[in-house]
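S.K.: Mind having a look at this structure? Questions to follow.
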Amino acid sequence: MTAVIDPYAEAAPSRGLRFLPALNPLAKIAAPLPAMIALVFARDLATPLAFLVLAYAALLVGARLSGRMLGLLALAIPASVLVIGLGFSVWADAARIDQSVTVLQLGGWTLYGGALVTGFSTALRLGAIVALALVGGLTTTGPDLVRSLVQQLRVPYRIGYTALAAFRFVPRFGHELEIIRQAHRVRGAHGGRGPFAAAARWGGYVVPLLAGAIRHAERVALAMDARAFGAHSTRTERHLVPFRARDVVFVVAFWAASAALFVWAGATPLVG
């Protein structure tokens, strides 16, 4: 049997250079945030390309990535950059770009080098922003993020843990939906192929799924009420997510690297 991993359990201690899971979630948000904001205003190729490399280096060195995540980094993001870059290049206004270099000409339509620079600078900006967001997104669990928001930013726990409880409904619904589908399959309910059979199958999932959701919501409400949720302004925490010196070092180092990359990119010939 395949072992079921609890997605809300505490992460196992990282070994070696896999340092990102051990950092405070707020540090992994604060470190790339200035670069993500500054990239919105970048109009060259070198700046987003440099930050894309920085984000990939941080993820490959500091995170333990699954095969799916490696596929996302190796295939999905580069393919998205390529498609978006070509799309923006085709739709770029020829009157507002550099027309000194002609790349392709089909009849009365001309693709200029300035259009490619504009299109791919936009695509690289989007790819770099997504990659920087993944530095924290792929190495942070929802419970740890909520705990850090409550403990460090003093977000009211009524808001934080209520949002966390709502977020945990999603995998619960997925699990219950799979059980319902297996039960229907065993009983031979709503068999057949085609759109009508598929609609009948999904219609048969709705009522038991809603019934399970109501039962789960009642159990969550009773559990929160039994623990006096909301009765006091603060609560004690079983799991602490401290903001340590290594978090400060990571944020400062990432900010310094970001500033150095902006200076380097401004001196390269790839500036548009």
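Convention: chains lettered A, B, ... in structure tokens order; per-chain residue numbering from 1; ligands numbered from 1 as shown.
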What are the closest atom pairs, with distances in Å to one decimal, for each residue of segment 21-80 of chain A lying within 8 Å of segment 111-135 of chain A, using only C-alpha atoms, rows by chain and rising residue number, as a Markdown table?
M.R.:
```
| residue | atom | partner | partner_atom | distance |
| --- | --- | --- | --- | --- |
| A:Lys28 | CA | A:Val135 | CA | 6.8 |
| A:Ile29 | CA | A:Ala133 | CA | 7.7 |
| A:Pro32 | CA | A:Leu132 | CA | 6.0 |
| A:Met36 | CA | A:Ile129 | CA | 5.4 |
| A:Leu39 | CA | A:Arg125 | CA | 6.2 |
| A:Val40 | CA | A:Arg125 | CA | 7.0 |
| A:Ala42 | CA | A:Arg125 | CA | 7.6 |
| A:Arg43 | CA | A:Ser121 | CA | 6.3 |
| A:Asp44 | CA | A:Ser121 | CA | 5.7 |
| A:Leu45 | CA | A:Ser121 | CA | 4.9 |
| A:Pro48 | CA | A:Arg125 | CA | 5.0 |
| A:Leu49 | CA | A:Leu124 | CA | 6.3 |
| A:Phe51 | CA | A:Ala128 | CA | 5.9 |
| A:Leu52 | CA | A:Ala128 | CA | 4.5 |
| A:Ala55 | CA | A:Leu132 | CA | 5.3 |
| A:Tyr56 | CA | A:Ala131 | CA | 7.0 |
| A:Ala58 | CA | A:Val135 | CA | 7.0 |
| A:Leu59 | CA | A:Val135 | CA | 6.0 |
| A:Ile77 | CA | A:Gly127 | CA | 6.4 |
| A:Pro78 | CA | A:Gly127 | CA | 7.9 |
| A:Ser80 | CA | A:Gly127 | CA | 7.8 |
```
S.K.: Name the residues of segment 32-256 of chain A that come out as helix (DSSP H, G or I) in a backbone DSSP run; write them as JSON, numbers by chain.
M.R.: {"A": [33, 34, 35, 36, 37, 38, 39, 46, 47, 48, 49, 50, 51, 52, 53, 54, 55, 56, 57, 58, 59, 60, 61, 62, 67, 68, 69, 70, 71, 72, 73, 74, 75, 76, 77, 78, 79, 80, 81, 82, 83, 84, 85, 86, 87, 88, 89, 90, 91, 94, 95, 96, 113, 114, 115, 116, 117, 118, 119, 120, 121, 122, 123, 124, 125, 126, 127, 128, 129, 130, 131, 132, 133, 134, 135, 136, 137, 142, 143, 144, 145, 146, 147, 148, 149, 150, 151, 157, 158, 159, 160, 161, 162, 163, 164, 165, 166, 167, 169, 170, 171, 172, 173, 174, 175, 176, 177, 178, 179, 180, 181, 182, 183, 184, 185, 186, 187, 195, 196, 197, 198, 199, 200, 201, 202, 203, 204, 205, 206, 207, 208, 209, 210, 211, 212, 213, 214, 215, 216, 217, 218, 219, 220, 221, 222, 223, 224, 225, 226, 245, 246, 247, 248, 249, 250, 251, 252, 253, 254, 255, 256]}
S.K.: Check the smallest atom-to-atom distance from each of A:Gly136, A:Gly160, A:Gly188, A:Gly230 to Ala31 of chain A using only C-alpha atoms, then report the winner.
M.R.: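 Ranking A:Gly136, A:Gly160, A:Gly188, A:Gly230 by distance to Ala31 of chain A, first place goes to A:Gly136.
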S.K.: Can you tell me which residues surround segment 173-186 of chain A at a distance of at most 10 Å, considering only C-alpha atoms, apart from same-chain residues fewer than 2 positions away, and format the answer as a list in words?
M.R.: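 After dropping sequence-adjacent residues, the list is Arg168, Phe169, Val170, Pro171, Gly188, Ala189, His190, Gly191, Arg201, Trp202, Gly204, Tyr205, Val206, Pro208, Leu209, Leu210, Gly212, Ala213 and His216 of chain A.
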S.K.: Please save all heavy atoms of the selected residues as a short mmCIF file (atom, residue, chain, number, x, y, z; two decimals), in the first residue's frame.
M.R.:
```
data_model
loop_
_atom_site.label_atom_id
_atom_site.label_comp_id
_atom_site.auth_asym_id
_atom_site.auth_seq_id
_atom_site.Cartn_x
_atom_site.Cartn_y
_atom_site.Cartn_z
N ARG A 168 -8.60 23.98 4.36
CA ARG A 168 -8.46 22.54 4.54
C ARG A 168 -9.68 21.78 4.04
O ARG A 168 -9.65 20.54 3.95
CB ARG A 168 -8.19 22.22 6.01
CG ARG A 168 -6.87 22.75 6.50
CD ARG A 168 -6.58 22.37 7.93
NE ARG A 168 -6.37 20.94 8.07
CZ ARG A 168 -5.83 20.39 9.15
NH1 ARG A 168 -5.43 21.15 10.15
NH2 ARG A 168 -5.67 19.09 9.24
N PHE A 169 -10.77 22.49 3.74
CA PHE A 169 -11.92 21.83 3.16
C PHE A 169 -11.62 21.29 1.77
O PHE A 169 -12.20 20.31 1.34
CB PHE A 169 -13.11 22.79 3.08
CG PHE A 169 -13.95 22.83 4.32
CD1 PHE A 169 -13.42 23.20 5.54
CD2 PHE A 169 -15.29 22.49 4.27
CE1 PHE A 169 -14.19 23.24 6.68
CE2 PHE A 169 -16.08 22.51 5.41
CZ PHE A 169 -15.53 22.89 6.62
N VAL A 170 -10.73 21.95 1.04
CA VAL A 170 -10.48 21.59 -0.36
C VAL A 170 -9.95 20.17 -0.50
O VAL A 170 -10.53 19.35 -1.23
CB VAL A 170 -9.55 22.62 -1.02
CG1 VAL A 170 -9.24 22.23 -2.46
CG2 VAL A 170 -10.18 24.01 -0.97
N PRO A 171 -8.83 19.81 0.16
CA PRO A 171 -8.38 18.41 0.03
C PRO A 171 -9.37 17.42 0.63
O PRO A 171 -9.46 16.27 0.17
CB PRO A 171 -7.05 18.39 0.78
CG PRO A 171 -7.08 19.56 1.69
CD PRO A 171 -7.90 20.60 0.99
N GLY A 188 -21.96 0.09 -9.95
CA GLY A 188 -22.37 0.17 -11.34
C GLY A 188 -23.34 1.29 -11.64
O GLY A 188 -24.10 1.22 -12.63
N ALA A 189 -23.34 2.33 -10.83
CA ALA A 189 -24.28 3.43 -11.02
C ALA A 189 -23.79 4.37 -12.11
O ALA A 189 -22.60 4.67 -12.21
CB ALA A 189 -24.46 4.20 -9.71
N HIS A 190 -24.72 4.85 -12.94
CA HIS A 190 -24.44 5.85 -13.97
C HIS A 190 -23.29 5.40 -14.87
O HIS A 190 -22.35 6.14 -15.12
CB HIS A 190 -24.10 7.21 -13.33
CG HIS A 190 -25.14 7.70 -12.40
ND1 HIS A 190 -26.42 8.00 -12.78
CD2 HIS A 190 -25.08 7.91 -11.05
CE1 HIS A 190 -27.12 8.41 -11.73
NE2 HIS A 190 -26.34 8.34 -10.67
N GLY A 191 -23.38 4.17 -15.37
CA GLY A 191 -22.36 3.71 -16.28
C GLY A 191 -22.55 4.25 -17.68
O GLY A 191 -23.47 5.02 -17.97
N ARG A 201 -23.38 11.01 -14.03
CA ARG A 201 -22.44 10.64 -12.96
C ARG A 201 -22.16 11.82 -12.05
O ARG A 201 -22.19 11.68 -10.82
CB ARG A 201 -21.14 10.11 -13.58
CG ARG A 201 -21.22 8.69 -14.09
CD ARG A 201 -19.84 8.13 -14.36
NE ARG A 201 -19.14 8.87 -15.39
CZ ARG A 201 -19.21 8.59 -16.68
NH1 ARG A 201 -19.97 7.58 -17.11
NH2 ARG A 201 -18.53 9.30 -17.57
N TRP A 202 -21.85 12.98 -12.64
CA TRP A 202 -21.54 14.13 -11.81
C TRP A 202 -22.76 14.60 -11.02
O TRP A 202 -22.64 15.09 -9.90
CB TRP A 202 -21.00 15.27 -12.67
CG TRP A 202 -19.56 15.05 -13.05
CD1 TRP A 202 -19.08 14.60 -14.23
CD2 TRP A 202 -18.43 15.26 -12.20
NE1 TRP A 202 -17.71 14.50 -14.20
CE2 TRP A 202 -17.29 14.90 -12.95
CE3 TRP A 202 -18.28 15.69 -10.89
CZ2 TRP A 202 -16.00 14.98 -12.43
CZ3 TRP A 202 -16.99 15.77 -10.37
CH2 TRP A 202 -15.88 15.41 -11.13
N GLY A 204 -24.92 12.62 -9.78
CA GLY A 204 -25.02 11.72 -8.63
C GLY A 204 -24.00 11.97 -7.55
O GLY A 204 -24.15 11.49 -6.42
N TYR A 205 -22.94 12.74 -7.87
CA TYR A 205 -21.94 13.06 -6.86
C TYR A 205 -22.36 14.23 -5.98
O TYR A 205 -21.84 14.39 -4.87
CB TYR A 205 -20.60 13.42 -7.53
CG TYR A 205 -20.00 12.33 -8.38
CD1 TYR A 205 -19.14 12.65 -9.43
CD2 TYR A 205 -20.28 10.99 -8.14
CE1 TYR A 205 -18.58 11.66 -10.22
CE2 TYR A 205 -19.73 10.00 -8.93
CZ TYR A 205 -18.87 10.34 -9.97
OH TYR A 205 -18.31 9.35 -10.74
N VAL A 206 -23.27 15.07 -6.46
CA VAL A 206 -23.54 16.35 -5.80
C VAL A 206 -24.14 16.14 -4.41
O VAL A 206 -23.65 16.69 -3.41
CB VAL A 206 -24.46 17.22 -6.67
CG1 VAL A 206 -24.89 18.46 -5.91
CG2 VAL A 206 -23.74 17.59 -7.96
N PRO A 208 -24.39 13.44 -2.22
CA PRO A 208 -23.54 12.90 -1.15
C PRO A 208 -22.36 13.80 -0.81
O PRO A 208 -21.92 13.86 0.35
CB PRO A 208 -23.07 11.55 -1.71
CG PRO A 208 -23.27 11.64 -3.17
CD PRO A 208 -24.44 12.52 -3.38
N LEU A 209 -21.84 14.53 -1.80
CA LEU A 209 -20.74 15.44 -1.51
C LEU A 209 -21.20 16.58 -0.62
O LEU A 209 -20.50 16.98 0.33
CB LEU A 209 -20.14 15.97 -2.81
CG LEU A 209 -18.84 16.78 -2.68
CD1 LEU A 209 -17.74 15.92 -2.07
CD2 LEU A 209 -18.39 17.30 -4.05
N LEU A 210 -22.37 17.14 -0.90
CA LEU A 210 -22.90 18.21 -0.05
C LEU A 210 -23.22 17.69 1.35
O LEU A 210 -22.98 18.39 2.35
CB LEU A 210 -24.17 18.80 -0.69
CG LEU A 210 -23.95 19.68 -1.92
CD1 LEU A 210 -25.30 20.12 -2.49
CD2 LEU A 210 -23.12 20.90 -1.57
N GLY A 212 -21.70 15.22 2.90
CA GLY A 212 -20.42 15.08 3.58
C GLY A 212 -19.84 16.42 3.98
O GLY A 212 -19.24 16.55 5.06
N ALA A 213 -20.02 17.45 3.15
CA ALA A 213 -19.52 18.77 3.49
C ALA A 213 -20.23 19.34 4.71
O ALA A 213 -19.61 19.96 5.58
CB ALA A 213 -19.70 19.70 2.29
N HIS A 216 -18.95 17.53 7.77
CA HIS A 216 -17.60 17.97 8.12
C HIS A 216 -17.62 19.37 8.73
O HIS A 216 -16.89 19.64 9.69
CB HIS A 216 -16.72 17.95 6.87
CG HIS A 216 -15.30 18.33 7.13
ND1 HIS A 216 -14.46 17.62 7.94
CD2 HIS A 216 -14.57 19.39 6.67
CE1 HIS A 216 -13.27 18.20 7.98
NE2 HIS A 216 -13.31 19.28 7.22
#
```
